[in-house]
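Coordinates from final23.tsv are shown below (TSV, C-alpha atoms and all ligand atoms).
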```tsv
chain	number	residue	atom	x	y	z
F	1	MET	CA	-29.45	2.45	5.79
F	2	SER	CA	-25.93	1.06	5.85
F	3	LYS	CA	-23.20	3.10	4.16
F	4	SER	CA	-21.87	2.12	0.74
F	5	ALA	CA	-18.16	2.01	-0.09
F	6	LEU	CA	-16.37	1.50	-3.38
F	7	ILE	CA	-12.79	0.20	-3.29
F	8	THR	CA	-10.42	0.02	-6.25
F	9	GLY	CA	-7.51	-2.34	-5.59
F	10	LEU	CA	-9.83	-4.56	-3.52
F	11	THR	CA	-7.76	-7.67	-4.26
F	12	GLY	CA	-4.49	-6.10	-3.07
F	13	GLN	CA	-3.06	-6.11	0.44
F	14	ASP	CA	-4.70	-2.88	1.61
F	15	GLY	CA	-7.95	-3.47	-0.30
F	16	ALA	CA	-8.47	-6.75	1.54
F	17	TYR	CA	-7.81	-5.30	5.02
F	18	LEU	CA	-9.90	-2.20	4.29
F	19	ALA	CA	-12.82	-4.29	2.98
F	20	LYS	CA	-12.75	-6.36	6.19
F	21	LEU	CA	-12.68	-3.20	8.33
F	22	LEU	CA	-15.64	-1.68	6.45
F	23	LEU	CA	-17.67	-4.91	6.47
F	24	ASP	CA	-17.11	-5.15	10.24
F	25	LYS	CA	-18.50	-1.60	10.51
F	26	GLY	CA	-21.63	-2.61	8.57
F	27	TYR	CA	-20.81	-1.05	5.16
F	28	ARG	CA	-21.97	-2.50	1.84
F	29	VAL	CA	-18.60	-2.98	0.15
F	30	HIS	CA	-18.23	-2.80	-3.63
F	31	GLY	CA	-14.92	-3.70	-5.22
F	32	MET	CA	-13.89	-2.63	-8.69
F	33	VAL	CA	-11.79	-5.47	-10.02
F	34	ALA	CA	-9.88	-5.56	-13.31
F	35	ARG	CA	-10.25	-8.65	-15.50
F	36	ARG	CA	-7.36	-11.08	-14.98
F	37	SER	CA	-6.73	-14.56	-16.42
F	38	THR	CA	-5.88	-15.98	-12.99
F	39	ASP	CA	-7.57	-15.99	-9.61
F	40	THR	CA	-6.73	-12.84	-7.58
F	41	ARG	CA	-9.01	-13.32	-4.57
F	42	TRP	CA	-6.69	-15.28	-2.24
F	43	ARG	CA	-6.38	-12.40	0.24
F	44	LEU	CA	-10.16	-12.04	0.52
F	45	ARG	CA	-10.39	-15.78	1.18
F	46	GLU	CA	-7.68	-15.58	3.87
F	47	LEU	CA	-9.76	-12.93	5.65
F	48	GLY	CA	-12.98	-14.93	5.13
F	49	ILE	CA	-14.78	-12.14	3.21
F	50	GLU	CA	-14.76	-13.32	-0.42
F	51	GLY	CA	-18.54	-13.89	-0.44
F	52	ASP	CA	-19.40	-10.59	1.26
F	53	ILE	CA	-18.35	-8.18	-1.50
F	54	VAL	CA	-20.28	-6.78	-4.49
F	55	TYR	CA	-17.84	-7.21	-7.41
F	56	LEU	CA	-17.87	-4.67	-10.25
F	57	GLU	CA	-15.64	-5.24	-13.25
F	58	GLY	CA	-13.41	-2.37	-14.28
F	59	ASP	CA	-9.89	-1.17	-14.91
F	60	LEU	CA	-8.66	2.21	-13.66
F	61	ALA	CA	-7.29	2.94	-17.13
F	62	ASP	CA	-10.88	2.87	-18.44
F	63	ALA	CA	-12.73	6.07	-17.49
F	64	CYS	CA	-16.10	4.62	-18.57
F	65	ALA	CA	-15.66	1.58	-16.33
F	66	VAL	CA	-14.85	3.79	-13.34
F	67	GLN	CA	-17.92	5.95	-14.05
F	68	ARG	CA	-20.11	2.85	-14.27
F	69	ALA	CA	-18.74	1.55	-10.96
F	70	VAL	CA	-19.58	4.88	-9.27
F	71	ILE	CA	-23.08	4.96	-10.76
F	72	LYS	CA	-23.76	1.37	-9.68
F	73	ALA	CA	-22.24	1.52	-6.19
F	74	LYS	CA	-23.54	5.03	-5.33
F	75	PRO	CA	-20.77	5.12	-2.75
F	76	ASP	CA	-20.69	7.32	0.33
F	77	GLU	CA	-16.94	6.66	0.33
F	78	PHE	CA	-14.61	5.85	-2.58
F	79	TYR	CA	-11.19	4.44	-1.66
F	80	ASN	CA	-8.79	4.59	-4.62
F	81	LEU	CA	-6.21	1.93	-3.78
F	82	GLY	CA	-5.76	0.38	-7.23
F	83	ALA	CA	-2.29	0.84	-8.72
F	84	GLN	CA	0.73	-0.71	-10.34
F	85	SER	CA	2.33	-0.53	-6.90
F	86	PHE	CA	5.71	-2.21	-7.34
F	87	VAL	CA	8.42	0.46	-7.65
F	88	GLY	CA	10.84	-1.92	-9.39
F	89	SER	CA	8.37	-2.68	-12.21
F	90	SER	CA	7.71	0.99	-12.85
F	91	TRP	CA	10.96	1.34	-14.84
F	92	ASP	CA	9.84	-1.56	-17.07
F	93	GLN	CA	6.21	-0.35	-17.37
F	94	PRO	CA	6.47	3.44	-17.07
F	95	VAL	CA	3.47	4.22	-19.29
F	96	THR	CA	1.11	1.67	-17.68
F	97	THR	CA	2.22	3.00	-14.29
F	98	ALA	CA	1.50	6.58	-15.36
F	99	VAL	CA	-1.92	5.73	-16.80
F	100	VAL	CA	-3.13	3.62	-13.88
F	101	ASP	CA	-1.46	5.40	-10.93
F	102	GLY	CA	-1.75	8.90	-12.38
F	103	LEU	CA	-4.62	9.29	-14.84
F	104	GLY	CA	-6.61	6.58	-13.05
F	105	VAL	CA	-6.98	8.98	-10.13
F	106	THR	CA	-8.50	11.60	-12.41
F	107	HIS	CA	-10.92	8.97	-13.70
F	108	GLY	CA	-12.11	8.41	-10.13
F	109	LEU	CA	-12.34	12.11	-9.30
F	110	GLU	CA	-14.15	12.94	-12.56
F	111	ALA	CA	-16.66	10.13	-12.01
F	112	ILE	CA	-17.47	11.59	-8.60
F	113	ARG	CA	-17.56	15.17	-9.84
F	114	GLN	CA	-20.03	14.30	-12.60
F	115	PHE	CA	-22.21	11.63	-11.03
F	116	SER	CA	-21.82	11.68	-7.25
F	117	PRO	CA	-20.32	14.91	-5.86
F	118	GLU	CA	-21.24	14.04	-2.27
F	119	THR	CA	-19.03	10.92	-2.34
F	120	ARG	CA	-15.94	11.21	-0.14
F	121	PHE	CA	-12.71	10.23	-1.90
F	122	TYR	CA	-9.51	8.71	-0.53
F	123	GLN	CA	-6.33	8.71	-2.61
F	124	ALA	CA	-3.54	6.23	-1.81
F	125	SER	CA	-0.56	8.55	-1.92
F	126	THR	CA	2.87	7.39	-0.86
F	127	SER	CA	6.12	8.23	0.89
F	128	GLU	CA	7.81	7.33	-2.44
F	129	MET	CA	6.90	10.90	-3.43
F	130	PHE	CA	9.55	12.14	-0.95
F	131	GLY	CA	12.17	10.04	-2.79
F	132	LEU	CA	15.41	11.96	-2.52
F	133	ILE	CA	14.41	13.30	0.84
F	134	GLN	CA	14.48	17.05	1.44
F	135	ALA	CA	14.15	16.78	5.24
F	136	GLU	CA	15.33	14.10	7.68
F	137	LEU	CA	11.81	13.61	9.04
F	138	GLN	CA	9.11	13.86	6.36
F	139	ASP	CA	5.70	15.38	7.04
F	140	GLU	CA	2.87	17.01	5.05
F	141	ASN	CA	5.00	20.12	4.41
F	142	THR	CA	8.15	18.38	3.15
F	143	PRO	CA	8.85	19.08	-0.55
F	144	PHE	CA	8.56	16.07	-2.86
F	145	TYR	CA	11.36	14.65	-5.06
F	146	PRO	CA	10.22	11.32	-6.57
F	147	ARG	CA	12.90	8.89	-7.74
F	148	SER	CA	10.94	6.37	-9.83
F	149	PRO	CA	8.28	6.43	-12.57
F	150	TYR	CA	5.98	5.09	-9.83
F	151	GLY	CA	6.77	8.04	-7.55
F	152	VAL	CA	6.27	10.51	-10.40
F	153	ALA	CA	2.89	9.00	-11.35
F	154	LYS	CA	1.76	9.00	-7.72
F	155	LEU	CA	2.76	12.64	-7.37
F	156	TYR	CA	0.37	13.52	-10.21
F	157	GLY	CA	-2.34	11.47	-8.44
F	158	HIS	CA	-1.65	13.34	-5.22
F	159	TRP	CA	-1.84	16.84	-6.71
F	160	ILE	CA	-4.90	16.14	-8.84
F	161	THR	CA	-6.65	15.04	-5.63
F	162	VAL	CA	-5.66	18.30	-3.93
F	163	ASN	CA	-6.68	20.21	-7.06
F	164	TYR	CA	-10.18	18.67	-7.29
F	165	ARG	CA	-10.71	19.41	-3.60
F	166	GLU	CA	-9.72	23.04	-4.11
F	167	SER	CA	-11.38	23.49	-7.53
F	168	PHE	CA	-14.71	21.72	-7.03
F	169	GLY	CA	-15.05	21.43	-3.27
F	170	LEU	CA	-14.93	17.64	-3.34
F	171	HIS	CA	-14.30	15.85	-0.04
F	172	ALA	CA	-11.06	14.38	-1.39
F	173	SER	CA	-8.26	13.37	0.99
F	174	SER	CA	-4.83	12.01	0.34
F	175	GLY	CA	-3.07	9.62	2.72
F	176	ILE	CA	0.71	9.82	2.36
F	177	LEU	CA	1.38	6.35	3.67
F	178	PHE	CA	4.84	5.02	4.45
F	179	ASN	CA	5.64	1.35	3.76
F	180	HIS	CA	3.19	-1.03	5.37
F	181	GLU	CA	3.37	-4.79	5.33
F	182	SER	CA	1.47	-7.85	6.52
F	183	PRO	CA	1.08	-11.58	5.93
F	184	LEU	CA	-0.96	-10.52	2.85
F	185	ARG	CA	1.93	-8.54	1.33
F	186	GLY	CA	2.87	-9.42	-2.27
F	187	ILE	CA	5.90	-11.69	-2.51
F	188	GLU	CA	7.89	-9.21	-4.64
F	189	PHE	CA	8.16	-6.64	-1.82
F	190	VAL	CA	11.25	-6.99	0.32
F	191	THR	CA	9.72	-7.86	3.72
F	192	ARG	CA	7.62	-10.72	2.39
F	193	LYS	CA	10.43	-11.88	0.08
F	194	VAL	CA	12.59	-12.15	3.21
F	195	THR	CA	10.03	-13.87	5.50
F	196	ASP	CA	9.10	-16.35	2.75
F	197	ALA	CA	12.78	-17.12	2.04
F	198	ALA	CA	13.68	-17.46	5.73
F	199	VAL	CA	10.92	-20.03	6.20
F	200	ARG	CA	11.85	-21.95	3.05
F	201	ILE	CA	15.49	-22.04	4.16
F	202	LYS	CA	14.43	-23.27	7.62
F	203	LEU	CA	12.36	-26.05	6.01
F	204	GLY	CA	15.17	-27.04	3.61
F	205	LYS	CA	13.22	-25.86	0.52
F	206	GLN	CA	15.59	-23.02	-0.46
F	207	LYS	CA	19.33	-22.47	-0.08
F	208	GLU	CA	19.90	-18.71	-0.33
F	209	LEU	CA	18.26	-15.29	-0.36
F	210	ARG	CA	19.23	-12.87	-3.13
F	211	LEU	CA	18.70	-9.17	-2.41
F	212	GLY	CA	19.80	-5.79	-3.76
F	213	ASN	CA	20.47	-2.70	-1.62
F	214	ILE	CA	20.29	-3.91	1.99
F	215	ASP	CA	21.44	-0.53	3.33
F	216	ALA	CA	18.16	1.13	2.28
F	217	LYS	CA	16.06	2.24	5.25
F	218	ARG	CA	12.30	2.17	5.49
F	219	ASP	CA	9.67	3.24	8.01
F	220	TRP	CA	7.67	0.00	8.14
F	221	GLY	CA	4.24	-0.39	9.75
F	222	PHE	CA	1.39	-2.92	9.74
F	223	ALA	CA	-1.22	-2.63	6.94
F	224	GLY	CA	-4.03	-3.53	9.37
F	225	ASP	CA	-3.23	-0.39	11.40
F	226	TYR	CA	-2.89	1.81	8.30
F	227	VAL	CA	-6.32	1.07	6.77
F	228	GLU	CA	-7.88	2.46	9.97
F	229	ALA	CA	-6.16	5.78	9.20
F	230	MET	CA	-7.69	5.75	5.69
F	231	TRP	CA	-11.17	5.29	7.14
F	232	LEU	CA	-10.63	7.99	9.79
F	233	MET	CA	-9.63	10.50	7.09
F	234	LEU	CA	-13.03	10.11	5.41
F	235	GLN	CA	-14.90	10.55	8.71
F	236	GLN	CA	-13.59	14.13	9.18
F	237	ASP	CA	-15.79	17.14	8.37
F	238	LYS	CA	-12.96	18.59	6.28
F	239	ALA	CA	-10.91	16.72	3.69
F	240	ASP	CA	-7.13	17.02	4.08
F	241	ASP	CA	-3.77	15.26	3.56
F	242	TYR	CA	-2.06	13.17	6.22
F	243	VAL	CA	1.25	11.38	6.64
F	244	VAL	CA	0.82	7.90	8.13
F	245	ALA	CA	4.02	6.35	9.50
F	246	THR	CA	5.61	4.84	12.63
F	247	GLY	CA	8.45	7.34	13.10
F	248	ILE	CA	11.05	4.55	13.20
F	249	THR	CA	13.33	3.66	10.31
F	250	THR	CA	15.21	0.36	9.90
F	251	THR	CA	17.63	-0.98	7.29
F	252	VAL	CA	16.68	-3.88	5.04
F	253	ARG	CA	19.67	-5.64	6.64
F	254	ASP	CA	18.23	-5.33	10.18
F	255	MET	CA	14.78	-6.38	8.99
F	256	CYS	CA	16.43	-9.56	7.59
F	257	ARG	CA	18.20	-10.18	10.87
F	258	ILE	CA	14.89	-9.94	12.76
F	259	ALA	CA	13.14	-12.37	10.37
F	260	PHE	CA	15.90	-14.99	10.43
F	261	GLU	CA	16.35	-14.73	14.21
F	262	HIS	CA	12.68	-15.66	14.67
F	263	LEU	CA	13.65	-18.99	13.10
F	264	ASP	CA	16.98	-19.27	14.99
F	265	LEU	CA	18.93	-18.63	11.78
F	266	ASN	CA	21.70	-16.15	10.95
F	267	TYR	CA	20.79	-14.25	7.75
F	268	GLU	CA	24.48	-13.74	6.93
F	269	ASP	CA	24.85	-17.47	6.24
F	270	TYR	CA	22.31	-17.29	3.38
F	271	LEU	CA	22.33	-13.75	1.96
F	272	VAL	CA	23.71	-13.14	-1.55
F	273	ILE	CA	23.89	-9.58	-2.88
F	274	ASP	CA	22.61	-9.64	-6.46
F	275	PRO	CA	23.03	-6.55	-8.68
F	276	ALA	CA	19.85	-7.57	-10.53
F	277	PHE	CA	17.85	-6.23	-7.57
F	278	PHE	CA	19.45	-2.78	-7.47
F	279	ARG	CA	17.26	0.01	-8.85
F	280	PRO	CA	18.23	2.63	-11.47
F	281	ALA	CA	17.61	5.30	-8.82
F	282	GLU	CA	17.13	4.47	-5.15
F	283	VAL	CA	15.20	5.96	-2.27
F	284	GLU	CA	17.87	5.50	0.40
F	285	VAL	CA	15.90	6.40	3.50
F	286	LEU	CA	12.34	7.21	4.55
F	287	LEU	CA	11.20	8.33	7.99
F	288	GLY	CA	7.75	9.78	8.58
F	289	ASN	CA	6.27	12.15	11.15
F	290	ALA	CA	2.61	11.20	11.67
F	291	GLY	CA	2.03	13.91	14.28
F	292	LYS	CA	-0.86	15.47	12.33
F	293	ALA	CA	-2.65	12.10	11.98
F	294	GLU	CA	-2.30	11.60	15.73
F	295	ARG	CA	-3.51	15.12	16.57
F	296	VAL	CA	-6.44	15.35	14.16
F	297	LEU	CA	-7.49	11.73	13.57
F	298	GLY	CA	-6.44	10.27	16.92
F	299	TRP	CA	-4.47	7.65	14.97
F	300	LYS	CA	-1.32	5.92	16.21
F	301	PRO	CA	0.46	2.79	14.97
F	302	LYS	CA	-0.11	-0.21	17.25
F	303	THR	CA	2.28	-2.82	15.84
F	304	SER	CA	6.08	-2.87	16.23
F	305	LEU	CA	8.34	-4.03	13.38
F	306	ASP	CA	9.39	-7.01	15.48
F	307	SER	CA	5.81	-8.24	16.01
F	308	LEU	CA	4.94	-7.48	12.35
F	309	ILE	CA	7.83	-9.62	11.09
F	310	GLN	CA	6.95	-12.35	13.62
F	311	MET	CA	3.34	-12.31	12.30
F	312	MET	CA	4.61	-12.61	8.70
F	313	VAL	CA	7.08	-15.41	9.51
F	314	ASP	CA	4.35	-17.36	11.35
F	315	ALA	CA	1.92	-16.99	8.42
F	316	ASP	CA	4.57	-18.12	5.90
F	317	LEU	CA	5.45	-21.05	8.13
F	318	ARG	CA	1.78	-22.12	8.17
F	319	ARG	CA	1.41	-21.73	4.39
F	320	ILE	CA	4.69	-23.31	3.31
F	321	SER	CA	4.39	-26.25	5.72
F	322	LYS	CA	1.12	-27.16	3.95
F	323	GLU	CA	2.62	-27.08	0.41
Q	401	LIG	P1	-1.09	-4.15	-4.04
Q	401	LIG	O1	-1.14	-5.25	-3.03
Q	401	LIG	O2	-0.08	-4.22	-5.13
Q	401	LIG	O3	-2.56	-4.01	-4.68
Q	401	LIG	C1	-2.77	-3.23	-5.82
Q	401	LIG	C2	-4.20	-3.42	-6.27
Q	401	LIG	O4	-4.42	-2.61	-7.43
Q	401	LIG	C3	-4.58	-4.86	-6.67
Q	401	LIG	O5	-5.88	-5.13	-6.25
Q	401	LIG	C4	-4.52	-4.81	-8.19
Q	401	LIG	O6	-5.37	-5.75	-8.81
Q	401	LIG	C5	-5.08	-3.40	-8.43
Q	401	LIG	N1	-4.79	-2.90	-9.76
Q	401	LIG	C6	-3.61	-2.92	-10.43
Q	401	LIG	N2	-3.74	-2.39	-11.64
Q	401	LIG	C7	-5.04	-2.04	-11.77
Q	401	LIG	C8	-5.80	-1.45	-12.82
Q	401	LIG	N3	-5.24	-1.14	-13.99
Q	401	LIG	N4	-7.11	-1.23	-12.62
Q	401	LIG	C9	-7.69	-1.56	-11.45
Q	401	LIG	N5	-7.02	-2.13	-10.41
Q	401	LIG	C10	-5.71	-2.36	-10.58
Q	401	LIG	O7	-0.86	-2.75	-3.29
Q	401	LIG	P2	-1.12	-2.35	-1.76
Q	401	LIG	O8	0.14	-2.58	-1.00
Q	401	LIG	O9	-2.39	-2.94	-1.29
Q	401	LIG	O10	-1.26	-0.77	-1.89
Q	401	LIG	C11	-2.54	-0.16	-2.08
Q	401	LIG	C12	-2.36	1.25	-2.61
Q	401	LIG	O11	-1.59	2.01	-1.69
Q	401	LIG	C13	-1.60	1.34	-3.94
Q	401	LIG	O12	-2.14	2.41	-4.66
Q	401	LIG	C14	-0.17	1.64	-3.52
Q	401	LIG	O13	0.51	2.30	-4.57
Q	401	LIG	C15	-0.42	2.53	-2.32
Q	401	LIG	N6	0.60	2.53	-1.29
Q	401	LIG	C16	1.03	1.36	-0.75
Q	401	LIG	C17	1.97	1.37	0.28
Q	401	LIG	C18	2.47	0.10	0.90
Q	401	LIG	O14	3.52	0.15	1.57
Q	401	LIG	N7	1.75	-1.01	0.79
Q	401	LIG	C19	2.46	2.61	0.76
Q	401	LIG	C20	1.96	3.78	0.19
Q	401	LIG	C21	1.03	3.74	-0.81
Q	401	LIG	P3	-4.89	-7.27	-9.15
Q	401	LIG	O15	-4.99	-8.02	-7.86
Q	401	LIG	O16	-5.85	-7.70	-10.17
Q	401	LIG	O17	-3.47	-7.14	-9.65
Q	402	LIG	N1	11.54	-5.55	-3.54
Q	402	LIG	C1	12.83	-5.66	-3.23
Q	402	LIG	N2	13.48	-6.81	-3.56
Q	402	LIG	N3	13.42	-4.64	-2.59
Q	402	LIG	C2	14.72	-4.79	-2.25
Q	402	LIG	C3	15.46	-5.94	-2.55
Q	402	LIG	C4	14.80	-7.01	-3.25
Q	402	LIG	O1	15.38	-8.04	-3.55
Q	402	LIG	N4	16.72	-5.78	-2.07
Q	402	LIG	C5	16.77	-4.58	-1.51
Q	402	LIG	N5	15.58	-3.96	-1.62
Q	402	LIG	C6	15.25	-2.60	-1.15
Q	402	LIG	C7	14.69	-1.72	-2.27
Q	402	LIG	O2	15.76	-1.26	-3.12
Q	402	LIG	C8	14.06	-0.62	-1.43
Q	402	LIG	O3	15.03	0.33	-1.05
Q	402	LIG	C9	13.58	-1.36	-0.17
Q	402	LIG	O4	14.24	-2.64	-0.20
Q	402	LIG	C10	12.08	-1.57	-0.09
Q	402	LIG	O5	11.62	-2.14	-1.33
Q	402	LIG	P1	10.10	-2.64	-1.52
Q	402	LIG	O6	9.73	-3.57	-0.42
Q	402	LIG	O7	9.99	-3.13	-2.91
Q	402	LIG	O8	9.24	-1.33	-1.25
Q	402	LIG	P2	9.39	0.17	-1.79
Q	402	LIG	O9	9.82	1.01	-0.63
Q	402	LIG	O10	10.15	0.25	-3.03
Q	402	LIG	O11	7.87	0.51	-2.16
Q	402	LIG	C11	6.78	0.18	-1.27
Q	402	LIG	O12	6.55	1.25	-0.39
Q	402	LIG	C12	6.09	2.47	-1.01
Q	402	LIG	C13	5.92	3.47	0.11
Q	402	LIG	O13	7.12	4.04	0.45
Q	402	LIG	C14	5.56	-0.14	-2.14
Q	402	LIG	O14	4.56	-0.68	-1.33
Q	402	LIG	C15	5.03	1.11	-2.82
Q	402	LIG	O15	3.80	0.80	-3.48
Q	402	LIG	C16	4.80	2.17	-1.74
Q	402	LIG	O16	4.30	3.34	-2.32
```
Can you present the structure in this file as structure tokens?
Amino acid sequence: MSKSALITGLTGQDGAYLAKLLLDKGYRVHGMVARRSTDTRWRLRELGIEGDIVYLEGDLADACAVQRAVIKAKPDEFYNLGAQSFVGSSWDQPVTTAVVDGLGVTHGLEAIRQFSPETRFYQASTSEMFGLIQAELQDENTPFYPRSPYGVAKLYGHWITVNYRESFGLHASSGILFNHESPLRGIEFVTRKVTDAAVRIKLGKQKELRLGNIDAKRDWGFAGDYVEAMWLMLQQDKADDYVVATGITTTVRDMCRIAFEHLDLNYEDYLVIDPAFFRPAEVEVLLGNAGKAERVLGWKPKTSLDSLIQMMVDADLRRISKE
């Protein structure tokens, strides 16, 4: 019998890569998808897997829908990736962010506790929880200090996962993932905003790139590598929490330089600093230590920032040339 997996956030960047990974391993993949008025399956089409998924309708804010998805999918593994994931929007939608990214996790854990206690659970925690960093290199023991409504909501999601593991013995793990990007990244996130703009400028379709704080530093990896870490966490005998990161941090400015240089352009000729993109409170720098993931899971990042940005520029070039 093949294993069954349930993914929330299937239509997002990580959901699409994870679904492909699990399908390639022979899983039956169920995706809980919230009702939207527009088509949200473009990533699944890009990976050629749109027809291979069992779709279940449901929103993480709706506890009954999550329960129904668990009862129908009878999952061996439940990956909770669904979220309002854009930090910038979390100041405009703080309550939605709290309900989906915070309470939504409890809906998943409760559904398992009541209807399927053997199901293994993965929670998509985040380096945003470190926020105003309390140590130069962040690992599983670094205290948290979130700086956005998103970070605060995710911190609740993280601790409720730990709590259900400790209270009810659920196999519930939390992956504290640092920023990860790909050609399937949403256009609002800074890497994809930059690669898309660089290509449009190269093709004469755009004149400038407007950004906020380009001195911010992030530890950027490739989403394709990071979904393997999620899967590995659920293959362990014991549930636990793991930092997943590259151990290298780069400024937004340098990431821009890399993207534009791939197209023989100088980013300084096109960059406009726009206060509209500054955040009410900023996470200035993130840098992760994934030593535990390497030791216990045997996981290591495979993709450098340079090859990641090259991959994203090439994909945007293909897409935009066809428009
Ligand atoms: P993403 O591309 O923004 O995808 C988010 C997914 O969540 C989408 O499928 C979205 O559905 C779904 N969703 C949003 N609201 C929902 C709701 N109310 N009910 C059910 N589903 C809902 O995010 P991602 O980059 O793949 O990230 C996946 C997860 O990892 C998120 O939880 C994120 O917070 C977390 N994370 C991401 C990173 C990163 O750098 N990428 C790092 C650490 C943690 P629609 O397509 O219908 O909008
Ligand atoms: N999006 C965006 N747009 N960010 C900008 C811009 C801009 O125009 N200009 C500067 N930045 C800076 C942001 O202020 C931030 O410091 C950095 O670029 C990265 O922003 P994002 O790409 O939006 O990602 P994020 O770090 O806020 O959040 C992502 O990573 C988290 C993990 O640390 C998201 O994927 C979260 O869901 C994830 O949890």
Q) Residues at most 12 Å from F:Leu170, counting only C-alpha atoms, excluding those fewer than 3 positions away in the same chain, as a VMD selection string? A) chain F and resid 77 to 78 108 to 114 116 to 122 160 to 167 173 234 237 to 240
Contacts of stretch 316-323 of chain F at 12 Å or less, counting all atoms listed in the file, minus same-chain residues fewer than 6 places along, as a PDB file with C-alpha atoms, keeping the file's coordinate frame?
```
ATOM      1  CA  GLU F  46      -7.680 -15.580   3.870  1.00  0.00           C
ATOM      2  CA  SER F 182       1.470  -7.850   6.520  1.00  0.00           C
ATOM      3  CA  PRO F 183       1.080 -11.580   5.930  1.00  0.00           C
ATOM      4  CA  LEU F 184      -0.960 -10.520   2.850  1.00  0.00           C
ATOM      5  CA  ARG F 185       1.930  -8.540   1.330  1.00  0.00           C
ATOM      6  CA  ILE F 187       5.900 -11.690  -2.510  1.00  0.00           C
ATOM      7  CA  THR F 191       9.720  -7.860   3.720  1.00  0.00           C
ATOM      8  CA  ARG F 192       7.620 -10.720   2.390  1.00  0.00           C
ATOM      9  CA  LYS F 193      10.430 -11.880   0.080  1.00  0.00           C
ATOM     10  CA  VAL F 194      12.590 -12.150   3.210  1.00  0.00           C
ATOM     11  CA  THR F 195      10.030 -13.870   5.500  1.00  0.00           C
ATOM     12  CA  ASP F 196       9.100 -16.350   2.750  1.00  0.00           C
ATOM     13  CA  ALA F 197      12.780 -17.120   2.040  1.00  0.00           C
ATOM     14  CA  ALA F 198      13.680 -17.460   5.730  1.00  0.00           C
ATOM     15  CA  VAL F 199      10.920 -20.030   6.200  1.00  0.00           C
ATOM     16  CA  ARG F 200      11.850 -21.950   3.050  1.00  0.00           C
ATOM     17  CA  ILE F 201      15.490 -22.040   4.160  1.00  0.00           C
ATOM     18  CA  LYS F 202      14.430 -23.270   7.620  1.00  0.00           C
ATOM     19  CA  LEU F 203      12.360 -26.050   6.010  1.00  0.00           C
ATOM     20  CA  GLY F 204      15.170 -27.040   3.610  1.00  0.00           C
ATOM     21  CA  LYS F 205      13.220 -25.860   0.520  1.00  0.00           C
ATOM     22  CA  GLN F 206      15.590 -23.020  -0.460  1.00  0.00           C
ATOM     23  CA  ALA F 259      13.140 -12.370  10.370  1.00  0.00           C
ATOM     24  CA  HIS F 262      12.680 -15.660  14.670  1.00  0.00           C
ATOM     25  CA  LEU F 263      13.650 -18.990  13.100  1.00  0.00           C
ATOM     26  CA  ILE F 309       7.830  -9.620  11.090  1.00  0.00           C
ATOM     27  CA  GLN F 310       6.950 -12.350  13.620  1.00  0.00           C
TER      28      GLN F 310
END
```
Would you mind listing, for every residue of chain F within 9 Å of ligand LIG 402 (chain Q), the two atoms forming the shortest contact and the distance between them in Å to one decimal, using all atoms listed in the file, sorted by chain and ascending residue number, as CSV?
```
residue,atom,partner,partner_atom,distance
F:Ala83,CA,Q:LIG402,O15,8.0
F:Gln84,CA,Q:LIG402,O15,7.7
F:Ser85,CA,Q:LIG402,O15,4.0
F:Phe86,CA,Q:LIG402,O15,5.3
F:Val87,CA,Q:LIG402,O10,4.9
F:Gly88,CA,Q:LIG402,O7,6.6
F:Ala124,CA,Q:LIG402,O16,8.4
F:Ser125,CA,Q:LIG402,O16,7.1
F:Thr126,CA,Q:LIG402,O16,4.5
F:Ser127,CA,Q:LIG402,O13,4.3
F:Glu128,CA,Q:LIG402,O13,4.4
F:Met129,CA,Q:LIG402,O13,7.9
F:Phe130,CA,Q:LIG402,O13,8.6
F:Gly131,CA,Q:LIG402,O13,8.5
F:Tyr150,CA,Q:LIG402,O16,7.9
F:Gly151,CA,Q:LIG402,O16,7.5
F:Lys154,CA,Q:LIG402,O16,8.2
F:Ile176,CA,Q:LIG402,C13,8.5
F:Leu177,CA,Q:LIG402,C13,6.4
F:Phe178,CA,Q:LIG402,O13,4.7
F:Asn179,CA,Q:LIG402,C13,4.2
F:His180,CA,Q:LIG402,O14,6.8
F:Glu181,CA,Q:LIG402,O14,7.9
F:Arg185,CA,Q:LIG402,O14,8.7
F:Gly186,CA,Q:LIG402,O14,9.0
F:Ile187,CA,Q:LIG402,N1,8.4
F:Glu188,CA,Q:LIG402,N1,5.3
F:Phe189,CA,Q:LIG402,O6,3.7
F:Val190,CA,Q:LIG402,O6,3.8
F:Thr191,CA,Q:LIG402,O6,6.0
F:Arg192,CA,Q:LIG402,O6,8.0
F:Lys193,CA,Q:LIG402,N2,6.9
F:Val194,CA,Q:LIG402,O1,8.4
F:Leu209,CA,Q:LIG402,O1,8.4
F:Arg210,CA,Q:LIG402,O1,6.2
F:Leu211,CA,Q:LIG402,O1,3.7
F:Gly212,CA,Q:LIG402,N4,3.5
F:Asn213,CA,Q:LIG402,C5,4.2
F:Ile214,CA,Q:LIG402,C5,5.0
F:Asp215,CA,Q:LIG402,O3,7.8
F:Ala216,CA,Q:LIG402,O3,4.6
F:Lys217,CA,Q:LIG402,O3,6.7
F:Arg218,CA,Q:LIG402,O9,6.7
F:Asp219,CA,Q:LIG402,O13,8.0
F:Trp220,CA,Q:LIG402,O12,8.7
F:Thr251,CA,Q:LIG402,O4,8.4
F:Val252,CA,Q:LIG402,O4,5.9
F:Arg253,CA,Q:LIG402,C5,8.7
F:Ile273,CA,Q:LIG402,N4,8.2
F:Asp274,CA,Q:LIG402,O1,8.0
F:Ala276,CA,Q:LIG402,O1,8.3
F:Phe277,CA,Q:LIG402,O1,5.1
F:Phe278,CA,Q:LIG402,O2,5.9
F:Arg279,CA,Q:LIG402,O2,6.1
F:Ala281,CA,Q:LIG402,O2,8.9
F:Glu282,CA,Q:LIG402,O3,6.2
F:Val283,CA,Q:LIG402,O3,5.8
F:Glu284,CA,Q:LIG402,O3,6.1
F:Val285,CA,Q:LIG402,O3,7.6
F:Leu286,CA,Q:LIG402,O13,7.4
```
